[in-house]
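What follows is the content of coords_17.txt (compact mmCIF, C-alpha atoms (C1' of nucleotides)).
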```txt
# COMPACT_ATOMS: atom_id res chain seq x y z
CA MET A 806 -18.58 10.46 31.24
CA SER A 807 -19.99 13.99 31.03
CA GLN A 808 -16.36 14.92 30.61
CA SER A 809 -16.17 13.16 27.29
CA LYS A 810 -19.63 14.39 26.42
CA ASN A 811 -18.37 17.95 26.64
CA ARG A 812 -15.34 16.97 24.63
CA ILE A 813 -17.53 15.59 21.89
CA GLU A 814 -19.74 18.67 21.80
CA GLU A 815 -16.62 20.78 21.59
CA LEU A 816 -15.35 18.77 18.66
CA GLU A 817 -18.72 19.00 16.94
CA GLY A 818 -18.56 22.75 17.38
CA ILE A 819 -15.16 22.88 15.72
CA LEU A 820 -16.54 20.96 12.78
CA ARG A 821 -19.60 23.16 12.35
CA GLU A 822 -17.40 26.25 12.48
CA GLY A 823 -15.25 24.70 9.78
CA GLY A 824 -18.32 24.27 7.62
CA VAL A 825 -18.35 20.52 8.15
CA ARG A 826 -21.77 19.03 8.81
CA VAL A 827 -22.23 16.89 11.88
CA THR A 828 -24.15 13.89 10.61
CA ARG A 829 -25.35 10.89 12.53
CA GLN A 830 -22.41 8.90 11.18
CA ARG A 831 -19.84 11.54 12.01
CA ALA A 832 -21.22 11.90 15.51
CA ALA A 833 -20.76 8.17 16.01
CA ILE A 834 -17.20 8.21 14.71
CA LEU A 835 -16.37 11.28 16.77
CA LYS A 836 -17.68 9.64 19.93
CA ILE A 837 -15.63 6.52 19.30
CA LEU A 838 -12.52 8.59 18.67
CA ALA A 839 -13.01 10.79 21.71
CA GLU A 840 -13.44 7.79 23.97
CA ALA A 841 -10.67 5.68 22.44
CA GLU A 842 -7.72 5.12 24.74
CA ASP A 843 -5.73 3.45 22.00
CA HIS A 844 -4.76 4.22 18.39
CA PRO A 845 -7.32 2.34 16.27
CA ASP A 846 -7.14 1.98 12.52
CA ALA A 847 -9.96 2.66 10.08
CA SER A 848 -11.48 -0.79 10.14
CA GLU A 849 -11.38 -0.99 13.91
CA LEU A 850 -13.08 2.41 14.08
CA HIS A 851 -15.63 1.12 11.63
CA ARG A 852 -16.28 -1.92 13.80
CA ARG A 853 -16.77 0.23 16.89
CA ALA A 854 -18.81 2.93 15.18
CA LYS A 855 -21.27 0.39 13.82
CA GLU A 856 -22.25 -0.44 17.40
CA ILE A 857 -23.54 3.09 17.78
CA ASP A 858 -24.93 3.48 14.29
CA ALA A 859 -25.12 0.36 12.18
CA THR A 860 -25.42 2.35 8.96
CA VAL A 861 -21.87 3.74 9.09
CA SER A 862 -19.94 2.52 6.08
CA LEU A 863 -16.21 2.10 5.79
CA SER A 864 -16.15 4.76 3.06
CA THR A 865 -17.64 7.22 5.49
CA VAL A 866 -15.13 6.30 8.15
CA TYR A 867 -12.32 7.13 5.76
CA ARG A 868 -14.01 10.29 4.50
CA THR A 869 -14.72 11.45 8.03
CA LEU A 870 -11.19 10.75 9.18
CA SER A 871 -9.83 12.83 6.31
CA ALA A 872 -12.22 15.66 7.15
CA LEU A 873 -11.31 15.51 10.82
CA GLU A 874 -7.65 15.45 9.98
CA GLN A 875 -8.04 18.54 7.83
CA GLN A 876 -9.83 20.30 10.66
CA GLY A 877 -6.92 19.42 12.90
CA VAL A 878 -9.14 17.39 15.18
CA VAL A 879 -7.54 14.07 14.40
CA GLN A 880 -4.03 12.90 13.71
CA ARG A 881 -3.07 10.09 11.38
CA HIS A 882 -0.06 7.88 12.03
CA ALA A 883 1.54 5.42 9.63
CA PHE A 884 3.66 3.14 11.77
CA GLU A 885 5.91 0.52 10.19
CA ASN A 886 4.25 -2.25 8.17
CA ALA A 887 0.80 -1.33 9.34
CA THR A 888 -2.35 0.41 8.26
CA ALA A 889 -2.92 4.02 9.27
CA ARG A 890 -3.94 4.53 12.87
CA PHE A 891 -5.72 7.54 14.35
CA GLU A 892 -6.02 9.55 17.54
CA THR A 893 -7.75 12.77 18.53
CA ALA A 894 -5.39 15.72 18.40
CA ASP A 895 -6.30 17.13 21.79
CA ALA A 896 -3.26 16.03 23.75
CA PRO A 897 -0.16 18.21 23.36
CA HIS A 898 2.42 17.08 20.82
CA HIS A 899 4.08 13.78 21.55
CA ASP A 900 5.95 10.99 19.81
CA HIS A 901 5.35 7.26 19.95
CA LEU A 902 6.98 4.14 21.29
CA ILE A 903 5.66 1.00 19.61
CA ASP A 904 5.90 -2.40 21.27
CA ILE A 905 7.02 -4.57 18.36
CA GLU A 906 5.60 -7.66 20.02
CA THR A 907 2.09 -6.47 20.82
CA GLY A 908 1.67 -3.40 18.62
CA ALA A 909 0.81 -1.36 21.70
CA VAL A 910 1.56 2.34 21.40
CA ILE A 911 2.90 4.48 24.22
CA GLU A 912 3.10 8.24 23.97
CA PHE A 913 6.07 10.21 25.20
CA ARG A 914 7.58 13.60 24.84
CA SER A 915 11.13 14.89 25.04
CA ASP A 916 11.72 18.60 24.85
CA LYS A 917 15.43 17.97 24.48
CA ILE A 918 14.89 15.89 21.37
CA GLU A 919 12.46 18.44 19.98
CA GLN A 920 15.04 21.15 20.42
CA LEU A 921 17.86 19.11 18.93
CA GLN A 922 15.75 18.40 15.87
CA ALA A 923 15.19 22.09 15.22
CA GLU A 924 18.91 22.72 15.65
CA ILE A 925 19.84 20.01 13.19
CA ALA A 926 17.42 21.32 10.59
CA ALA A 927 18.76 24.84 11.06
CA GLU A 928 22.36 23.69 10.67
CA LEU A 929 21.44 22.11 7.36
CA GLY A 930 19.76 25.31 6.19
CA TYR A 931 16.18 24.22 6.74
CA ASP A 932 13.16 25.16 8.80
CA LEU A 933 11.61 22.21 10.57
CA VAL A 934 7.95 21.92 9.59
CA ARG A 935 7.06 18.64 11.27
CA HIS A 936 8.75 15.45 12.23
CA ARG A 937 8.15 11.82 12.86
CA LEU A 938 9.86 9.97 15.68
CA GLU A 939 8.98 6.40 16.49
CA LEU A 940 10.80 4.04 18.83
CA TYR A 941 10.29 0.37 18.05
CA CYS A 942 10.94 -1.51 21.26
CA ARG A 943 10.69 -4.77 23.10
CA LYS A 944 9.60 -4.95 26.73
CA ARG A 945 12.65 -5.23 28.96
CA LYS A 946 13.08 -8.80 30.18
CA ASP A 947 15.26 -8.95 33.28
CA MET B 1302 34.88 3.46 -10.51
CA SER B 1303 36.89 0.37 -9.56
CA GLN B 1304 35.97 1.42 -6.06
CA SER B 1305 32.31 0.71 -6.70
CA LYS B 1306 33.26 -2.39 -8.65
CA ASN B 1307 34.87 -3.82 -5.52
CA ARG B 1308 31.84 -2.77 -3.55
CA ILE B 1309 29.58 -4.67 -5.90
CA GLU B 1310 31.71 -7.80 -5.80
CA GLU B 1311 31.67 -7.59 -2.04
CA LEU B 1312 27.89 -7.37 -2.01
CA GLU B 1313 27.63 -10.28 -4.41
CA GLY B 1314 29.81 -12.28 -2.07
CA ILE B 1315 27.49 -11.52 0.84
CA LEU B 1316 24.56 -12.75 -1.19
CA ARG B 1317 26.26 -15.97 -2.25
CA GLU B 1318 27.21 -16.67 1.33
CA GLY B 1319 23.60 -16.12 2.29
CA GLY B 1320 22.56 -18.74 -0.24
CA VAL B 1321 21.13 -16.15 -2.56
CA ARG B 1322 21.99 -16.65 -6.21
CA VAL B 1323 23.52 -13.75 -8.06
CA THR B 1324 21.57 -13.65 -11.27
CA ARG B 1325 21.99 -11.30 -14.19
CA GLN B 1326 19.02 -9.30 -12.95
CA ARG B 1327 20.25 -9.10 -9.39
CA ALA B 1328 23.69 -8.03 -10.53
CA ALA B 1329 22.12 -5.17 -12.48
CA ILE B 1330 20.00 -4.04 -9.53
CA LEU B 1331 22.95 -4.31 -7.19
CA LYS B 1332 25.09 -2.16 -9.46
CA ILE B 1333 22.41 0.50 -9.66
CA LEU B 1334 21.99 0.51 -5.93
CA ALA B 1335 25.69 0.65 -5.21
CA GLU B 1336 26.14 3.59 -7.53
CA ALA B 1337 23.01 5.50 -6.48
CA GLU B 1338 23.69 8.74 -4.67
CA ASP B 1339 20.03 9.24 -3.89
CA HIS B 1340 17.18 7.21 -2.39
CA PRO B 1341 15.30 5.77 -5.38
CA ASP B 1342 12.03 3.89 -5.19
CA ALA B 1343 11.26 0.55 -6.80
CA SER B 1344 10.04 1.92 -10.11
CA GLU B 1345 12.99 4.30 -10.44
CA LEU B 1346 15.35 1.38 -9.73
CA HIS B 1347 13.49 -0.59 -12.35
CA ARG B 1348 13.93 2.22 -14.87
CA ARG B 1349 17.66 2.39 -14.19
CA ALA B 1350 18.22 -1.35 -14.04
CA LYS B 1351 16.59 -1.88 -17.41
CA GLU B 1352 19.37 0.17 -18.98
CA ILE B 1353 21.83 -2.48 -17.88
CA ASP B 1354 19.61 -5.49 -18.47
CA ALA B 1355 16.40 -4.89 -20.35
CA THR B 1356 14.87 -8.14 -19.11
CA VAL B 1357 14.61 -7.01 -15.48
CA SER B 1358 10.97 -6.96 -14.46
CA LEU B 1359 9.41 -4.87 -11.73
CA SER B 1360 8.50 -8.04 -9.83
CA THR B 1361 12.14 -9.00 -9.75
CA VAL B 1362 13.10 -5.56 -8.53
CA TYR B 1363 10.70 -5.96 -5.62
CA ARG B 1364 11.76 -9.54 -4.95
CA THR B 1365 15.42 -8.61 -5.09
CA LEU B 1366 14.96 -5.65 -2.80
CA SER B 1367 13.26 -7.89 -0.26
CA ALA B 1368 16.08 -10.41 -0.49
CA LEU B 1369 18.72 -7.70 -0.15
CA GLU B 1370 16.89 -6.20 2.78
CA GLN B 1371 16.79 -9.56 4.49
CA GLN B 1372 20.53 -9.97 3.93
CA GLY B 1373 21.03 -6.58 5.54
CA VAL B 1374 22.52 -5.17 2.36
CA VAL B 1375 19.73 -2.70 1.68
CA GLN B 1376 17.53 -0.50 3.81
CA ARG B 1377 13.95 0.36 3.04
CA HIS B 1378 12.42 3.70 4.03
CA ALA B 1379 8.74 4.61 3.99
CA PHE B 1380 8.63 8.39 4.11
CA GLU B 1381 5.31 10.22 4.43
CA ASN B 1382 2.83 9.87 1.56
CA ALA B 1383 5.32 8.22 -0.71
CA THR B 1384 6.31 4.85 -2.06
CA ALA B 1385 9.12 2.95 -0.38
CA ARG B 1386 12.62 4.22 -1.13
CA PHE B 1387 15.86 2.28 -0.84
CA GLU B 1388 19.55 2.74 -0.09
CA THR B 1389 22.49 0.41 0.43
CA ALA B 1390 23.15 -0.22 4.10
CA ASP B 1391 26.87 0.43 3.96
CA ALA B 1392 26.97 3.89 5.48
CA PRO B 1393 26.83 4.03 9.28
CA HIS B 1394 23.42 4.60 10.85
CA HIS B 1395 21.79 7.91 10.12
CA ASP B 1396 18.40 9.56 10.05
CA HIS B 1397 16.77 11.60 7.30
CA LEU B 1398 15.69 15.14 6.61
CA ILE B 1399 13.16 15.37 3.80
CA ASP B 1400 12.67 18.56 1.82
CA ILE B 1401 8.87 18.72 1.61
CA GLU B 1402 9.06 20.87 -1.49
CA THR B 1403 11.42 18.80 -3.62
CA GLY B 1404 11.38 15.39 -1.95
CA ALA B 1405 15.16 15.53 -1.63
CA VAL B 1406 16.58 13.48 1.21
CA ILE B 1407 19.52 14.57 3.36
CA GLU B 1408 21.18 12.23 5.80
CA PHE B 1409 22.25 13.32 9.24
CA ARG B 1410 23.24 11.83 12.52
CA SER B 1411 22.96 13.03 16.10
CA ASP B 1412 24.53 10.97 18.82
CA LYS B 1413 22.74 13.06 21.40
CA ILE B 1414 19.37 12.17 19.96
CA GLU B 1415 20.35 8.52 19.69
CA GLN B 1416 21.27 8.47 23.32
CA LEU B 1417 18.14 10.29 24.44
CA GLN B 1418 16.02 7.78 22.57
CA ALA B 1419 17.59 4.86 24.40
CA GLU B 1420 17.09 6.64 27.71
CA ILE B 1421 13.43 7.28 27.00
CA ALA B 1422 12.80 3.67 26.06
CA ALA B 1423 14.59 2.50 29.20
CA GLU B 1424 12.55 4.82 31.40
CA LEU B 1425 9.39 3.31 29.98
CA GLY B 1426 10.65 -0.20 30.63
CA TYR B 1427 11.65 -1.07 27.09
CA ASP B 1428 14.73 -1.96 25.08
CA LEU B 1429 15.08 0.12 21.94
CA VAL B 1430 15.32 -2.20 18.93
CA ARG B 1431 15.23 0.38 16.14
CA HIS B 1432 13.78 3.78 15.51
CA ARG B 1433 12.57 6.05 12.80
CA LEU B 1434 13.33 9.75 12.85
CA GLU B 1435 12.42 11.94 9.93
CA LEU B 1436 12.49 15.73 9.77
CA TYR B 1437 10.13 17.23 7.21
CA CYS B 1438 11.52 20.62 6.36
CA ARG B 1439 11.38 23.60 4.05
CA LYS B 1440 14.53 25.31 2.80
CA ARG B 1441 15.22 28.42 4.86
CA LYS B 1442 14.32 31.46 2.84
CA ASP B 1443 16.42 34.50 3.68
C1' DT C 187 32.09 -30.15 -19.64
C1' DA C 188 27.39 -31.89 -19.25
C1' DG C 189 23.66 -32.59 -16.20
C1' DC C 190 20.87 -31.85 -12.38
C1' DT C 191 17.81 -29.38 -9.37
C1' DA C 192 16.36 -25.97 -6.34
C1' DG C 193 16.29 -21.18 -6.68
C1' DT C 194 14.70 -17.34 -10.02
C1' DT C 195 12.32 -15.13 -13.52
C1' DG C 196 8.49 -12.66 -16.31
C1' DC C 197 3.91 -12.21 -16.73
C1' DA C 198 -0.46 -11.64 -15.18
C1' DA C 199 -3.56 -11.98 -11.67
C1' DA C 200 -4.30 -11.16 -6.79
C1' DT C 201 -3.82 -8.30 -2.60
C1' DG C 202 -5.04 -4.92 0.79
C1' DC C 203 -5.63 -0.31 2.05
C1' DT C 204 -7.59 3.77 0.62
C1' DT C 205 -10.06 6.82 -2.53
C1' DC C 206 -13.47 7.79 -5.84
C1' DT C 207 -18.05 7.59 -8.53
C1' DC C 208 -22.73 8.13 -8.58
C1' DA C 209 -27.44 7.85 -7.46
C1' DT C 210 -29.85 8.81 -3.27
C1' DT C 211 -30.38 10.98 1.22
C1' DT C 212 -30.03 14.65 4.64
C1' DG C 213 -28.31 18.71 7.53
C1' DC C 214 -29.42 23.09 8.22
C1' DA C 215 -29.87 28.09 6.64
C1' DT C 216 -33.81 30.52 5.03
C1' DA D 1075 -41.46 23.53 5.72
C1' DT D 1076 -38.21 23.90 1.55
C1' DG D 1077 -34.21 23.84 -1.23
C1' DC D 1078 -29.83 22.60 -2.23
C1' DA D 1079 -25.09 21.76 -1.33
C1' DA D 1080 -22.90 18.46 1.34
C1' DA D 1081 -22.80 13.73 2.84
C1' DT D 1082 -23.92 8.84 2.43
C1' DG D 1083 -23.64 3.59 1.11
C1' DA D 1084 -22.23 0.31 -2.09
C1' DG D 1085 -19.26 -0.96 -5.03
C1' DA D 1086 -15.77 0.06 -8.50
C1' DA D 1087 -11.26 1.94 -9.14
C1' DG D 1088 -6.34 3.03 -7.83
C1' DC D 1089 -1.85 2.00 -6.60
C1' DA D 1090 2.10 -0.05 -4.62
C1' DT D 1091 3.42 -4.38 -3.64
C1' DT D 1092 3.03 -9.52 -3.59
C1' DT D 1093 2.12 -13.99 -5.42
C1' DG D 1094 1.06 -18.27 -8.53
C1' DC D 1095 2.83 -20.63 -12.18
C1' DA D 1096 5.35 -22.59 -15.99
C1' DA D 1097 9.65 -21.79 -18.12
C1' DC D 1098 14.57 -20.75 -17.20
C1' DT D 1099 19.26 -20.89 -15.05
C1' DA D 1100 23.05 -20.50 -11.42
C1' DG D 1101 26.27 -23.09 -9.85
C1' DC D 1102 27.27 -27.57 -7.38
C1' DT D 1103 28.36 -32.43 -8.79
C1' DA D 1104 30.22 -36.13 -11.34
```
When written as structure tokens, how does the structure in this file appear?
Amino acid sequence: MSQSKNRIEELEGILREGGVRVTRQRAAILKILAEAEDHPDASELHRRAKEIDATVSLSTVYRTLSALEQQGVVQRHAFENATARFETADAPHHDHLIDIETGAVIEFRSDKIEQLQAEIAAELGYDLVRHRLELYCRKRKD
Amino acid sequence: MSQSKNRIEELEGILREGGVRVTRQRAAILKILAEAEDHPDASELHRRAKEIDATVSLSTVYRTLSALEQQGVVQRHAFENATARFETADAPHHDHLIDIETGAVIEFRSDKIEQLQAEIAAELGYDLVRHRLELYCRKRKD
DNA sequence: TAGCTAGTTGCAAATGCTTCTCATTTGCAT
DNA sequence: ATGCAAATGAGAAGCATTTGCAACTAGCTA
């Protein structure tokens, strides 16, 4: 896991450069986020972070997530009928497929769709700033 | 406006068939919705509905919207950092472009994107049930 | 047409997620 | 080491939305 250790140090560096202090609590949250393979929400992050540092409060989780989001280190997603979920913003841009039975999230990317979106915006006289594309699916039965 | 009058009677019929009573309050909300050219939120609908029937409460607006949504008569949208907005579900399926400066909503449709979405879901072993595609844009300057 | 009854209503209180307040603590530049 | 602005924990506050409850009413029934 020295891989993720480097990752974490890198993220801490980004924060310090952005004038954001790396506290014990933030280090814990950062570690949890960097190692997360899923898209946890604030209370799940809180639960996990407390295992590293029991003093982390839910307020701090929210405050840290906002700070990290502003630094571009974390991305926030608001999927349908659910609390906000988070992921580190290291992977290249992607959209999400949500399993409506389990809540599992799968990442995917389609350059064709990306391009079509920009074209549509342009046709309507707009510049595309960002988008949200979510596919709500059910596992194929057959 | 006898056009929209028919529309409203049609919607009322759908409700009655679904075992949902058409009360004074619901009739008012339905009329507002049928005539709306935009995508109002609950409190805006409340404001407008009160002009027809001053007794309509915000609770009833919410309860009615839920009922209408369940009957498939209304669609609910949760755009970024905003309260839920509603529209009648009569127009064929479409996605939305949101002007991030004014909050204005423009509807569009791309069969190519629709098709690509289904293909992506299939490739990942899923059946696409529904999706959400929103383009957050800024009006082109020049 | 009057009556019945389950569905609806308004109001206020409750929810649940997220943000804020404030007194106290702490990172980190000097 | 010191100082001080930034960060923290605990709990209160916000806000959109939902819910409990007692009073009403749509609309079927006789």
Contacts of range 1078-1093 of chain D within 10 Å, all atoms listed in the file, excl. fewer than 5 positions in-chain, as JSON, numbers by chain | {"A": [824, 825, 826, 827, 828, 830, 831, 860, 861, 862, 863, 864, 865, 868, 869], "B": [1343, 1344, 1360, 1363, 1364, 1383, 1384, 1385], "C": [199, 200, 201, 202, 203, 204, 205, 206, 207, 210, 211, 212, 213]}
Post-fit chain A coords, all in-order Cα pairs vs chain B, as an mmCIF file with C-alpha atoms, keeping the file's coordinate frame:
```
data_model
loop_
_atom_site.group_PDB
_atom_site.id
_atom_site.type_symbol
_atom_site.label_atom_id
_atom_site.label_comp_id
_atom_site.auth_asym_id
_atom_site.auth_seq_id
_atom_site.Cartn_x
_atom_site.Cartn_y
_atom_site.Cartn_z
ATOM 1 C CA MET A 806 34.843 3.534 -10.621
ATOM 2 C CA SER A 807 36.893 0.498 -9.585
ATOM 3 C CA GLN A 808 35.917 1.599 -6.113
ATOM 4 C CA SER A 809 32.291 0.834 -6.761
ATOM 5 C CA LYS A 810 33.269 -2.260 -8.687
ATOM 6 C CA ASN A 811 34.866 -3.651 -5.553
ATOM 7 C CA ARG A 812 31.823 -2.626 -3.584
ATOM 8 C CA ILE A 813 29.584 -4.542 -5.934
ATOM 9 C CA GLU A 814 31.747 -7.654 -5.813
ATOM 10 C CA GLU A 815 31.694 -7.424 -2.048
ATOM 11 C CA LEU A 816 27.925 -7.235 -2.024
ATOM 12 C CA GLU A 817 27.684 -10.166 -4.416
ATOM 13 C CA GLY A 818 29.890 -12.126 -2.055
ATOM 14 C CA ILE A 819 27.579 -11.382 0.850
ATOM 15 C CA LEU A 820 24.658 -12.656 -1.169
ATOM 16 C CA ARG A 821 26.360 -15.876 -2.227
ATOM 17 C CA GLU A 822 27.359 -16.534 1.375
ATOM 18 C CA GLY A 823 23.740 -16.029 2.357
ATOM 19 C CA GLY A 824 22.718 -18.653 -0.161
ATOM 20 C CA VAL A 825 21.255 -16.056 -2.497
ATOM 21 C CA ARG A 826 22.076 -16.562 -6.160
ATOM 22 C CA VAL A 827 23.608 -13.692 -8.066
ATOM 23 C CA THR A 828 21.650 -13.609 -11.301
ATOM 24 C CA ARG A 829 22.044 -11.276 -14.221
ATOM 25 C CA GLN A 830 19.050 -9.291 -12.988
ATOM 26 C CA ARG A 831 20.272 -9.067 -9.421
ATOM 27 C CA ALA A 832 23.697 -7.966 -10.578
ATOM 28 C CA ALA A 833 22.070 -5.139 -12.511
ATOM 29 C CA ILE A 834 19.955 -4.044 -9.562
ATOM 30 C CA LEU A 835 22.918 -4.283 -7.213
ATOM 31 C CA LYS A 836 25.035 -2.116 -9.496
ATOM 32 C CA ILE A 837 22.320 0.514 -9.710
ATOM 33 C CA LEU A 838 21.911 0.517 -5.944
ATOM 34 C CA ALA A 839 25.626 0.689 -5.244
ATOM 35 C CA GLU A 840 26.059 3.629 -7.582
ATOM 36 C CA ALA A 841 22.911 5.492 -6.542
ATOM 37 C CA GLU A 842 23.580 8.743 -4.729
ATOM 38 C CA ASP A 843 19.918 9.214 -3.944
ATOM 39 C CA HIS A 844 17.101 7.138 -2.420
ATOM 40 C CA PRO A 845 15.221 5.697 -5.415
ATOM 41 C CA ASP A 846 11.960 3.815 -5.189
ATOM 42 C CA ALA A 847 11.199 0.477 -6.815
ATOM 43 C CA SER A 848 9.963 1.827 -10.112
ATOM 44 C CA GLU A 849 12.871 4.212 -10.456
ATOM 45 C CA LEU A 850 15.250 1.326 -9.759
ATOM 46 C CA HIS A 851 13.400 -0.666 -12.362
ATOM 47 C CA ARG A 852 13.808 2.129 -14.891
ATOM 48 C CA ARG A 853 17.538 2.361 -14.226
ATOM 49 C CA ALA A 854 18.150 -1.378 -14.071
ATOM 50 C CA LYS A 855 16.518 -1.915 -17.447
ATOM 51 C CA GLU A 856 19.283 0.175 -19.013
ATOM 52 C CA ILE A 857 21.772 -2.452 -17.929
ATOM 53 C CA ASP A 858 19.581 -5.472 -18.514
ATOM 54 C CA ALA A 859 16.357 -4.893 -20.383
ATOM 55 C CA THR A 860 14.861 -8.161 -19.158
ATOM 56 C CA VAL A 861 14.585 -7.062 -15.515
ATOM 57 C CA SER A 862 10.951 -7.057 -14.483
ATOM 58 C CA LEU A 863 9.365 -4.997 -11.760
ATOM 59 C CA SER A 864 8.494 -8.199 -9.883
ATOM 60 C CA THR A 865 12.154 -9.073 -9.770
ATOM 61 C CA VAL A 866 13.066 -5.622 -8.552
ATOM 62 C CA TYR A 867 10.702 -6.047 -5.632
ATOM 63 C CA ARG A 868 11.803 -9.620 -4.957
ATOM 64 C CA THR A 869 15.454 -8.638 -5.101
ATOM 65 C CA LEU A 870 14.948 -5.668 -2.821
ATOM 66 C CA SER A 871 13.273 -7.909 -0.255
ATOM 67 C CA ALA A 872 16.114 -10.418 -0.503
ATOM 68 C CA LEU A 873 18.719 -7.693 -0.167
ATOM 69 C CA GLU A 874 16.893 -6.214 2.763
ATOM 70 C CA GLN A 875 16.845 -9.578 4.496
ATOM 71 C CA GLN A 876 20.565 -9.946 3.917
ATOM 72 C CA GLY A 877 21.036 -6.555 5.509
ATOM 73 C CA VAL A 878 22.524 -5.145 2.339
ATOM 74 C CA VAL A 879 19.724 -2.718 1.660
ATOM 75 C CA GLN A 880 17.503 -0.549 3.787
ATOM 76 C CA ARG A 881 13.907 0.318 3.034
ATOM 77 C CA HIS A 882 12.392 3.647 4.029
ATOM 78 C CA ALA A 883 8.722 4.597 4.000
ATOM 79 C CA PHE A 884 8.645 8.372 4.127
ATOM 80 C CA GLU A 885 5.356 10.244 4.451
ATOM 81 C CA ASN A 886 2.831 9.883 1.622
ATOM 82 C CA ALA A 887 5.294 8.181 -0.648
ATOM 83 C CA THR A 888 6.267 4.814 -2.003
ATOM 84 C CA ALA A 889 9.085 2.888 -0.351
ATOM 85 C CA ARG A 890 12.557 4.146 -1.139
ATOM 86 C CA PHE A 891 15.819 2.224 -0.846
ATOM 87 C CA GLU A 892 19.501 2.701 -0.124
ATOM 88 C CA THR A 893 22.459 0.390 0.375
ATOM 89 C CA ALA A 894 23.128 -0.250 4.040
ATOM 90 C CA ASP A 895 26.854 0.390 3.901
ATOM 91 C CA ALA A 896 26.948 3.821 5.485
ATOM 92 C CA PRO A 897 26.791 3.892 9.291
ATOM 93 C CA HIS A 898 23.383 4.461 10.855
ATOM 94 C CA HIS A 899 21.793 7.793 10.114
ATOM 95 C CA ASP A 900 18.405 9.475 10.046
ATOM 96 C CA HIS A 901 16.811 11.530 7.302
ATOM 97 C CA LEU A 902 15.813 15.093 6.598
ATOM 98 C CA ILE A 903 13.271 15.338 3.787
ATOM 99 C CA ASP A 904 12.813 18.526 1.786
ATOM 100 C CA ILE A 905 9.025 18.745 1.594
ATOM 101 C CA GLU A 906 9.232 20.865 -1.534
ATOM 102 C CA THR A 907 11.552 18.748 -3.658
ATOM 103 C CA GLY A 908 11.462 15.351 -1.957
ATOM 104 C CA ALA A 909 15.241 15.449 -1.650
ATOM 105 C CA VAL A 910 16.645 13.398 1.207
ATOM 106 C CA ILE A 911 19.594 14.445 3.337
ATOM 107 C CA GLU A 912 21.236 12.095 5.791
ATOM 108 C CA PHE A 913 22.319 13.176 9.237
ATOM 109 C CA ARG A 914 23.285 11.682 12.513
ATOM 110 C CA SER A 915 23.016 12.883 16.089
ATOM 111 C CA ASP A 916 24.562 10.806 18.817
ATOM 112 C CA LYS A 917 22.811 12.937 21.404
ATOM 113 C CA ILE A 918 19.415 12.106 19.967
ATOM 114 C CA GLU A 919 20.329 8.441 19.697
ATOM 115 C CA GLN A 920 21.268 8.398 23.345
ATOM 116 C CA LEU A 921 18.172 10.268 24.464
ATOM 117 C CA GLN A 922 15.990 7.795 22.609
ATOM 118 C CA ALA A 923 17.507 4.853 24.451
ATOM 119 C CA GLU A 924 17.036 6.684 27.744
ATOM 120 C CA ILE A 925 13.396 7.398 27.038
ATOM 121 C CA ALA A 926 12.703 3.790 26.123
ATOM 122 C CA ALA A 927 14.456 2.613 29.276
ATOM 123 C CA GLU A 928 12.459 4.993 31.463
ATOM 124 C CA LEU A 929 9.271 3.537 30.044
ATOM 125 C CA GLY A 930 10.462 -0.002 30.744
ATOM 126 C CA TYR A 931 11.447 -0.902 27.204
ATOM 127 C CA ASP A 932 14.506 -1.869 25.216
ATOM 128 C CA LEU A 933 14.912 0.161 22.061
ATOM 129 C CA VAL A 934 15.093 -2.170 19.065
ATOM 130 C CA ARG A 935 15.057 0.358 16.241
ATOM 131 C CA HIS A 936 13.698 3.773 15.572
ATOM 132 C CA ARG A 937 12.550 6.054 12.849
ATOM 133 C CA LEU A 938 13.364 9.747 12.857
ATOM 134 C CA GLU A 939 12.477 11.949 9.935
ATOM 135 C CA LEU A 940 12.612 15.732 9.760
ATOM 136 C CA TYR A 941 10.280 17.258 7.198
ATOM 137 C CA CYS A 942 11.717 20.638 6.317
ATOM 138 C CA ARG A 943 11.625 23.586 3.999
ATOM 139 C CA LYS A 944 14.793 25.248 2.735
ATOM 140 C CA ARG A 945 15.517 28.339 4.802
ATOM 141 C CA LYS A 946 14.561 31.474 2.885
ATOM 142 C CA ASP A 947 16.318 34.535 4.272
#
```
Between C1' of DA1104 in chain D and CA of Ile1315 in chain B - distance in Å to one decimal | 27.6 Å
Distance CA of Glu1435 in chain B-CA of His898 in chain A, one decimal place?
->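 Interatomic distance, CA of Glu1435 in chain B to CA of His898 in chain A: 15.7 Å.
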To one decimal place, how far is CA of Glu1381 in chain B from CA of Ala883 in chain A in Å?
-> 8.0 Å
Contacts of range 912-916 of chain A within 8 Å, all atoms listed in the file, excl. fewer than 3 positions in-chain, as a list in words =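 Returned residues: His898, His899, Asp900, His901, Leu902, Glu919 and Gln920 of chain A.
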Only residues of chain B matter here; which ones have an atom within 7 Å of chain A, counting only C-alpha atoms? Give them as an mmCIF file with C-alpha atoms, in the coordinates of the input.
```cif
data_model
loop_
_atom_site.group_PDB
_atom_site.id
_atom_site.type_symbol
_atom_site.label_atom_id
_atom_site.label_comp_id
_atom_site.auth_asym_id
_atom_site.auth_seq_id
_atom_site.Cartn_x
_atom_site.Cartn_y
_atom_site.Cartn_z
ATOM 1 C CA ILE B 1414 19.370 12.170 19.960
ATOM 2 C CA GLY B 1426 10.650 -0.200 30.630
ATOM 3 C CA TYR B 1427 11.650 -1.070 27.090
ATOM 4 C CA ASP B 1428 14.730 -1.960 25.080
ATOM 5 C CA LEU B 1429 15.080 0.120 21.940
ATOM 6 C CA VAL B 1430 15.320 -2.200 18.930
ATOM 7 C CA ARG B 1431 15.230 0.380 16.140
ATOM 8 C CA HIS B 1432 13.780 3.780 15.510
ATOM 9 C CA ARG B 1433 12.570 6.050 12.800
ATOM 10 C CA LEU B 1434 13.330 9.750 12.850
ATOM 11 C CA GLU B 1435 12.420 11.940 9.930
ATOM 12 C CA LEU B 1436 12.490 15.730 9.770
ATOM 13 C CA TYR B 1437 10.130 17.230 7.210
ATOM 14 C CA CYS B 1438 11.520 20.620 6.360
ATOM 15 C CA ARG B 1439 11.380 23.600 4.050
ATOM 16 C CA LYS B 1440 14.530 25.310 2.800
ATOM 17 C CA ARG B 1441 15.220 28.420 4.860
#
```
